[in-house]
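K.L.:
Before I ask anything, let me first share the structure, which is written out below as structure tokens.
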Amino acid sequence: MKGVFTFLGTGGSTGVPVIGCKCEVCTSKNPKNRRYRPSGLIELNNRVFLIDIGPDFRFQALEFGVDRIDGLLLTHTHFDHIAGIDETRIFNIREGKPLPCLLSQESFEEIQLRYYYFFKKEVSAKFDFTILEKEHGSRKFLQTDIGYVSFSQNGMKITGYRWGDFAYISDIKKFDESIFEGLKGVKKLVISALRPEESPFHLSFNEAVDFIDRIGVEQAWLTHLGHFLDHEAMNVLLPLHVKVGFDGLKIEFTWKK
Ligand SMILES: [Zn+2]
Ligand SMILES: [Zn+2]
């Protein structure tokens, strides 16, 4: 069965253009240099899965025609990945039920703190949470087998997800060797890398390429990109099997043969 992944956002935590920035990238006319905060959509098995829901979610949904979500998957709870979560209330109203949400125990605890009102009788977005108990494994969510791996960024635990031969790994900085076990057989990979150079919370382009080559994927795309270089200029720096993603790009993958 084929699935389709769509990049809803490929920008870093500030998005591109950055507020008030007059650099060449931020003032570029090339639409590929406009990047919403990081998020993606998986359409598979008659279901629509949203990966992360940052502050640009409403605009992403309107621009890319996201009118239905069957489940939300969270990688972690930093602002750029979660600040649009209240917007899911419209799906509760339309479907008449809480929205299924898959996340780690750590992310769940953060949500309980930051969004305490989801758990009260107040009028707010409502969720049906499924918590991942292990570091790596596979979980049925909406009748679909989803693989997951764990890694970290600045002390926060992050979850990466996998559907068949496609995986989405965002905000990776530190990882255990065992991650490669969970990603064995992945042919198409989306992975975060903020800029070509090293940065404290993200992989550099070279580090991302090393990670990609350890899995042996056929094609990889970088996401979570800053305003340091133009879209085309970044591609020139990368080997042919690695490209920079852009908002709206679709990737087809195989879920089950
Ligand atoms: Zn981020
Ligand atoms: Zn700029």
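Note on naming: chains are A, B, ... as they come in the structure tokens, residues start from 1 per chain, ligands start from 1 in the order shown.
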List the spatial neighbours of Val66 of chain A as a list in words - criterion: any atom at most 12 Å away, only C-alpha atoms, same-chain residues fewer than 3 positions off excluded.
P.N.:
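In the requested form, the answer reads Thr6, Phe7, Leu8, Gly40, Leu41, Ile42, Glu43, Val48, Phe49, Leu50, Phe57, Arg58, Phe59, Gln60, Ala61, Leu62, Glu63, Ile69, Asp70, Thr88, Ile90, Phe91 and Gly248 of chain A.
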K.L.:
For the residues in that selection, give me N, CA and C atoms as a PDB file, in the first residue's frame.
P.N.:
ATOM      1  N   THR A   6       3.266  14.838   3.174  1.00  0.00           N
ATOM      2  CA  THR A   6       3.345  16.229   2.688  1.00  0.00           C
ATOM      3  C   THR A   6       4.037  17.098   3.734  1.00  0.00           C
ATOM      4  N   PHE A   7       5.024  17.852   3.309  1.00  0.00           N
ATOM      5  CA  PHE A   7       5.645  18.835   4.206  1.00  0.00           C
ATOM      6  C   PHE A   7       4.670  20.004   4.384  1.00  0.00           C
ATOM      7  N   LEU A   8       4.179  20.208   5.590  1.00  0.00           N
ATOM      8  CA  LEU A   8       3.348  21.393   5.858  1.00  0.00           C
ATOM      9  C   LEU A   8       4.221  22.560   6.305  1.00  0.00           C
ATOM     10  N   GLY A  40       4.197  17.882   9.358  1.00  0.00           N
ATOM     11  CA  GLY A  40       3.960  17.064   8.175  1.00  0.00           C
ATOM     12  C   GLY A  40       2.643  16.333   8.263  1.00  0.00           C
ATOM     13  N   LEU A  41       2.163  15.903   7.108  1.00  0.00           N
ATOM     14  CA  LEU A  41       0.890  15.190   7.032  1.00  0.00           C
ATOM     15  C   LEU A  41       1.124  13.844   6.359  1.00  0.00           C
ATOM     16  N   ILE A  42       0.587  12.788   6.959  1.00  0.00           N
ATOM     17  CA  ILE A  42       0.670  11.457   6.354  1.00  0.00           C
ATOM     18  C   ILE A  42      -0.729  11.035   5.948  1.00  0.00           C
ATOM     19  N   GLU A  43      -0.902  10.675   4.673  1.00  0.00           N
ATOM     20  CA  GLU A  43      -2.179  10.133   4.213  1.00  0.00           C
ATOM     21  C   GLU A  43      -1.935   8.676   3.849  1.00  0.00           C
ATOM     22  N   VAL A  48      -5.730  10.203   7.952  1.00  0.00           N
ATOM     23  CA  VAL A  48      -4.877  11.384   7.861  1.00  0.00           C
ATOM     24  C   VAL A  48      -4.221  11.606   9.224  1.00  0.00           C
ATOM     25  N   PHE A  49      -2.891  11.516   9.249  1.00  0.00           N
ATOM     26  CA  PHE A  49      -2.120  11.711  10.492  1.00  0.00           C
ATOM     27  C   PHE A  49      -1.371  13.041  10.384  1.00  0.00           C
ATOM     28  N   LEU A  50      -1.492  13.851  11.419  1.00  0.00           N
ATOM     29  CA  LEU A  50      -0.736  15.098  11.456  1.00  0.00           C
ATOM     30  C   LEU A  50       0.457  14.916  12.395  1.00  0.00           C
ATOM     31  N   PHE A  57      -0.103  26.410  12.343  1.00  0.00           N
ATOM     32  CA  PHE A  57      -1.011  25.352  11.888  1.00  0.00           C
ATOM     33  C   PHE A  57      -2.219  25.858  11.103  1.00  0.00           C
ATOM     34  N   ARG A  58      -2.875  26.907  11.597  1.00  0.00           N
ATOM     35  CA  ARG A  58      -4.101  27.357  10.915  1.00  0.00           C
ATOM     36  C   ARG A  58      -3.798  27.753   9.463  1.00  0.00           C
ATOM     37  N   PHE A  59      -2.706  28.468   9.262  1.00  0.00           N
ATOM     38  CA  PHE A  59      -2.341  28.901   7.908  1.00  0.00           C
ATOM     39  C   PHE A  59      -1.934  27.702   7.045  1.00  0.00           C
ATOM     40  N   GLN A  60      -1.246  26.747   7.657  1.00  0.00           N
ATOM     41  CA  GLN A  60      -0.849  25.534   6.915  1.00  0.00           C
ATOM     42  C   GLN A  60      -2.088  24.759   6.471  1.00  0.00           C
ATOM     43  N   ALA A  61      -3.041  24.618   7.379  1.00  0.00           N
ATOM     44  CA  ALA A  61      -4.262  23.857   7.069  1.00  0.00           C
ATOM     45  C   ALA A  61      -5.027  24.539   5.940  1.00  0.00           C
ATOM     46  N   LEU A  62      -5.130  25.865   5.993  1.00  0.00           N
ATOM     47  CA  LEU A  62      -5.864  26.590   4.954  1.00  0.00           C
ATOM     48  C   LEU A  62      -5.123  26.514   3.619  1.00  0.00           C
ATOM     49  N   GLU A  63      -3.805  26.690   3.648  1.00  0.00           N
ATOM     50  CA  GLU A  63      -3.024  26.696   2.402  1.00  0.00           C
ATOM     51  C   GLU A  63      -2.968  25.328   1.739  1.00  0.00           C
ATOM     52  N   ILE A  69      -8.403  15.629  10.159  1.00  0.00           N
ATOM     53  CA  ILE A  69      -7.273  14.947  10.796  1.00  0.00           C
ATOM     54  C   ILE A  69      -7.863  13.786  11.586  1.00  0.00           C
ATOM     55  N   ASP A  70      -7.332  12.594  11.390  1.00  0.00           N
ATOM     56  CA  ASP A  70      -7.823  11.455  12.185  1.00  0.00           C
ATOM     57  C   ASP A  70      -6.999  11.262  13.444  1.00  0.00           C
ATOM     58  N   THR A  88      -7.133  22.419  17.193  1.00  0.00           N
ATOM     59  CA  THR A  88      -7.784  21.138  16.872  1.00  0.00           C
ATOM     60  C   THR A  88      -9.229  21.084  17.371  1.00  0.00           C
ATOM     61  N   ILE A  90     -11.679  22.608  16.362  1.00  0.00           N
ATOM     62  CA  ILE A  90     -12.601  22.579  15.218  1.00  0.00           C
ATOM     63  C   ILE A  90     -12.870  21.130  14.772  1.00  0.00           C
ATOM     64  N   PHE A  91     -11.855  20.264  14.923  1.00  0.00           N
ATOM     65  CA  PHE A  91     -12.040  18.853  14.524  1.00  0.00           C
ATOM     66  C   PHE A  91     -12.901  18.124  15.549  1.00  0.00           C
ATOM     67  N   GLY A 248       4.898  22.083   1.148  1.00  0.00           N
ATOM     68  CA  GLY A 248       4.010  21.617   0.081  1.00  0.00           C
ATOM     69  C   GLY A 248       4.564  20.419  -0.672  1.00  0.00           C
TER      70      GLY A 248
END
K.L.:
Please extract the residues at most 9 Å from ligand 1, counting only C-alpha atoms and all ligand atoms, and provide them as a list in words, using the chain letters and residue numbers of this document.
P.N.:
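With only C-alpha atoms and all ligand atoms and a cut-off of 9 Å, ligand 1 is contacted by Gly11, Gly12, Ser13, Arg37, Pro38, His76, Thr77, His78, Phe79, Asp80, His81, Ser170, Asp171, Ser192, Phe201, His202 and His224 of chain A.
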K.L.:
For the residues in that selection, give me C-alpha atoms as a JSON list (two decimals), in the first residue's frame.
P.N.:
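Output (out15.json):
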[["chain", "number", "residue", "atom", "x", "y", "z"],
["A", 11, "GLY", "CA", 11.27, 26.08, 8.84],
["A", 12, "GLY", "CA", 13.12, 26.21, 12.13],
["A", 13, "SER", "CA", 11.65, 27.54, 15.34],
["A", 37, "ARG", "CA", 7.19, 25.94, 11.40],
["A", 38, "PRO", "CA", 7.98, 22.17, 11.12],
["A", 76, "HIS", "CA", 7.88, 16.76, 21.56],
["A", 77, "THR", "CA", 6.43, 19.84, 23.21],
["A", 78, "HIS", "CA", 8.66, 22.77, 22.22],
["A", 79, "PHE", "CA", 6.68, 25.84, 21.07],
["A", 80, "ASP", "CA", 7.49, 25.39, 17.35],
["A", 81, "HIS", "CA", 5.94, 21.90, 17.41],
["A", 170, "SER", "CA", 12.83, 16.05, 13.84],
["A", 171, "ASP", "CA", 14.90, 17.98, 16.39],
["A", 192, "SER", "CA", 16.05, 17.99, 10.78],
["A", 201, "PHE", "CA", 20.47, 21.99, 19.32],
["A", 202, "HIS", "CA", 20.52, 20.58, 15.79],
["A", 224, "HIS", "CA", 13.62, 22.51, 10.29]]
K.L.:
Quick one: residues within 9 Å of ligand 2, with only C-alpha atoms and all ligand atoms, as a PyMOL selection string?
P.N.:
chain A and resi 16-27+226-229
K.L.:
Atom CA of Lys184 of chain A and atom CA of His241 of chain A are how many Å apart?
P.N.:
17.3 Å
K.L.:
Quick one: residues within 12 Å of Lys188 of chain A, only C-alpha atoms counted, chain neighbours fewer than 5 positions away excluded, as a VMD selection string?
P.N.:
chain A and resid 3 to 5 162 to 169 183 212 to 213 215 to 222 241 to 243 250 to 255
K.L.:
Since we have the selection now, will you write its residues out, keeping N, CA and C atoms, as a compact mmCIF listing (two decimals), in the first residue's frame?
P.N.:
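Saved file selection-v9.txt follows:
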# COMPACT_ATOMS: atom_id res chain seq x y z
N GLY A 3 1.58 5.29 0.67
CA GLY A 3 1.19 6.40 1.52
C GLY A 3 1.83 7.67 0.96
N VAL A 4 1.31 8.80 1.37
CA VAL A 4 1.87 10.07 0.92
C VAL A 4 2.18 10.96 2.13
N PHE A 5 3.38 11.49 2.16
CA PHE A 5 3.77 12.46 3.18
C PHE A 5 3.81 13.84 2.51
N ARG A 162 7.68 6.26 12.26
CA ARG A 162 7.95 5.51 11.04
C ARG A 162 6.69 4.81 10.54
N TRP A 163 6.42 4.96 9.24
CA TRP A 163 5.33 4.23 8.59
C TRP A 163 5.99 3.46 7.44
N GLY A 164 6.06 2.15 7.51
CA GLY A 164 6.67 1.37 6.44
C GLY A 164 8.10 1.82 6.18
N ASP A 165 8.40 2.19 4.93
CA ASP A 165 9.78 2.56 4.60
C ASP A 165 10.04 4.06 4.69
N PHE A 166 9.12 4.77 5.37
CA PHE A 166 9.29 6.22 5.54
C PHE A 166 9.45 6.57 7.02
N ALA A 167 10.37 7.46 7.34
CA ALA A 167 10.50 7.90 8.74
C ALA A 167 10.68 9.41 8.82
N TYR A 168 10.18 9.98 9.93
CA TYR A 168 10.23 11.42 10.18
C TYR A 168 10.96 11.65 11.51
N ILE A 169 12.14 12.25 11.43
CA ILE A 169 12.99 12.47 12.61
C ILE A 169 13.26 13.96 12.73
N LEU A 183 15.41 2.03 12.70
CA LEU A 183 15.27 2.69 11.39
C LEU A 183 15.77 1.80 10.24
N ILE A 212 22.08 9.81 7.76
CA ILE A 212 21.33 9.27 6.61
C ILE A 212 22.08 8.07 6.02
N ASP A 213 23.40 8.21 5.88
CA ASP A 213 24.19 7.14 5.25
C ASP A 213 24.35 5.92 6.14
N ILE A 215 21.91 4.69 7.77
CA ILE A 215 20.69 3.90 7.54
C ILE A 215 20.70 3.34 6.12
N GLY A 216 21.38 4.05 5.22
CA GLY A 216 21.41 3.62 3.82
C GLY A 216 20.11 3.91 3.10
N VAL A 217 19.49 5.07 3.37
CA VAL A 217 18.23 5.40 2.71
C VAL A 217 18.47 5.75 1.24
N GLU A 218 17.42 5.61 0.44
CA GLU A 218 17.52 5.95 -0.99
C GLU A 218 17.48 7.46 -1.19
N GLN A 219 16.55 8.10 -0.46
CA GLN A 219 16.42 9.55 -0.60
C GLN A 219 16.06 10.16 0.75
N ALA A 220 16.70 11.24 1.08
CA ALA A 220 16.40 11.93 2.33
C ALA A 220 16.16 13.41 2.05
N TRP A 221 15.38 14.03 2.93
CA TRP A 221 15.09 15.45 2.81
C TRP A 221 15.36 16.11 4.16
N LEU A 222 15.99 17.26 4.14
CA LEU A 222 16.22 18.00 5.37
C LEU A 222 15.04 18.92 5.66
N HIS A 241 21.53 12.24 -3.06
CA HIS A 241 20.44 11.53 -2.39
C HIS A 241 19.91 12.29 -1.17
N VAL A 242 20.37 13.51 -0.98
CA VAL A 242 19.84 14.34 0.11
C VAL A 242 19.44 15.70 -0.47
N LYS A 243 18.20 16.10 -0.17
CA LYS A 243 17.74 17.40 -0.66
C LYS A 243 17.14 18.18 0.50
N LYS A 250 5.49 16.77 -1.70
CA LYS A 250 4.89 15.47 -1.35
C LYS A 250 5.87 14.34 -1.64
N ILE A 251 5.87 13.33 -0.76
CA ILE A 251 6.76 12.18 -0.92
C ILE A 251 5.89 10.92 -0.84
N GLU A 252 6.02 10.06 -1.84
CA GLU A 252 5.27 8.80 -1.80
C GLU A 252 6.13 7.72 -1.16
N PHE A 253 5.53 6.87 -0.34
CA PHE A 253 6.29 5.79 0.30
C PHE A 253 5.45 4.51 0.32
N THR A 254 6.11 3.41 0.69
CA THR A 254 5.44 2.12 0.73
C THR A 254 5.21 1.71 2.17
N TRP A 255 4.00 1.40 2.52
CA TRP A 255 3.68 1.04 3.90
C TRP A 255 3.73 -0.48 4.10
K.L.:
Any chance you could list, as a VMD selection string, the residues in segment 4-215 of chain A that come up strand (DSSP E) when DSSP is run on the backbone?
P.N.:
chain A and resid 4 to 9 39 to 44 47 to 51 71 to 73 99 to 104 127 to 132 137 to 141 144 to 153 156 to 163 166 to 169 188 to 192
K.L.:
Since we have the selection now, will you write its residues out, keeping C-alpha atoms, as a CSV table (one decimal), in the first residue's frame?
P.N.:
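And here is the file that came out, out_7.csv:
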chain,number,residue,atom,x,y,z
A,4,VAL,CA,1.9,10.1,0.9
A,5,PHE,CA,3.8,12.5,3.2
A,6,THR,CA,3.3,16.2,2.7
A,7,PHE,CA,5.6,18.8,4.2
A,8,LEU,CA,3.3,21.4,5.9
A,9,GLY,CA,6.3,23.3,7.3
A,39,SER,CA,5.1,19.8,10.5
A,40,GLY,CA,4.0,17.1,8.2
A,41,LEU,CA,0.9,15.2,7.0
A,42,ILE,CA,0.7,11.5,6.4
A,43,GLU,CA,-2.2,10.1,4.2
A,44,LEU,CA,-2.3,6.4,4.5
A,47,ARG,CA,-6.5,8.0,7.4
A,48,VAL,CA,-4.9,11.4,7.9
A,49,PHE,CA,-2.1,11.7,10.5
A,50,LEU,CA,-0.7,15.1,11.5
A,51,ILE,CA,2.9,15.2,12.8
A,71,GLY,CA,-4.9,11.5,14.6
A,72,LEU,CA,-2.2,13.8,15.9
A,73,LEU,CA,1.4,12.6,16.6
A,99,LEU,CA,-8.9,13.8,18.7
A,100,PRO,CA,-6.7,10.7,19.0
A,101,CYS,CA,-3.1,11.8,19.9
A,102,LEU,CA,0.0,9.6,20.1
A,103,LEU,CA,2.9,10.8,22.2
A,104,SER,CA,5.6,9.9,24.7
A,127,PHE,CA,-7.9,14.5,23.1
A,128,ASP,CA,-7.8,10.8,23.4
A,129,PHE,CA,-4.2,10.2,24.3
A,130,THR,CA,-2.2,7.1,23.5
A,131,ILE,CA,1.1,7.0,25.4
A,132,LEU,CA,4.2,5.3,24.1
A,137,GLY,CA,9.0,-0.1,19.1
A,138,SER,CA,5.8,-0.3,17.2
A,139,ARG,CA,2.3,0.7,18.2
A,140,LYS,CA,-1.1,0.3,16.6
A,141,PHE,CA,-2.7,3.7,16.3
A,144,THR,CA,-2.2,1.4,11.6
A,145,ASP,CA,1.2,0.0,12.7
A,146,ILE,CA,3.5,2.9,13.5
A,147,GLY,CA,7.1,2.5,14.4
A,148,TYR,CA,8.8,4.9,16.8
A,149,VAL,CA,12.3,5.7,18.1
A,150,SER,CA,13.5,8.1,20.8
A,151,PHE,CA,16.4,10.6,21.0
A,152,SER,CA,17.0,13.9,22.6
A,153,GLN,CA,17.6,17.6,22.1
A,156,MET,CA,14.1,16.9,26.1
A,157,LYS,CA,13.0,13.5,24.9
A,158,ILE,CA,11.9,13.5,21.3
A,159,THR,CA,10.0,10.9,19.4
A,160,GLY,CA,10.6,10.0,15.7
A,161,TYR,CA,7.9,8.1,13.8
A,162,ARG,CA,8.0,5.5,11.0
A,163,TRP,CA,5.3,4.2,8.6
A,166,PHE,CA,9.3,6.2,5.5
A,167,ALA,CA,10.5,7.9,8.7
A,168,TYR,CA,10.2,11.4,10.2
A,169,ILE,CA,13.0,12.5,12.6
A,188,LYS,CA,12.8,7.6,2.6
A,189,LEU,CA,13.7,9.8,5.5
A,190,VAL,CA,12.9,13.3,6.6
A,191,ILE,CA,15.4,14.6,9.1
A,192,SER,CA,16.0,18.0,10.8
K.L.:
From a DSSP pass on the backbone, collect the residues of segment 11-65 of chain A flagged as helix (DSSP H, G or I) and hand them back as a list in words.
P.N.:
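For segment 11-65 of chain A, the helix (DSSP H, G or I) set is Pro31, Lys32, Asn33, Phe57, Arg58, Phe59, Gln60, Ala61, Leu62, Glu63 and Phe64 of chain A.
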K.L.:
Given the choices A:Ile82, A:Arg114, A:Arg94, A:Leu238, which gets closest to Pro196 of chain A if the distance is worked out from only C-alpha atoms?
P.N.:
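Looking only at the distances to Pro196 of chain A, the closest residue turns out to be A:Leu238.
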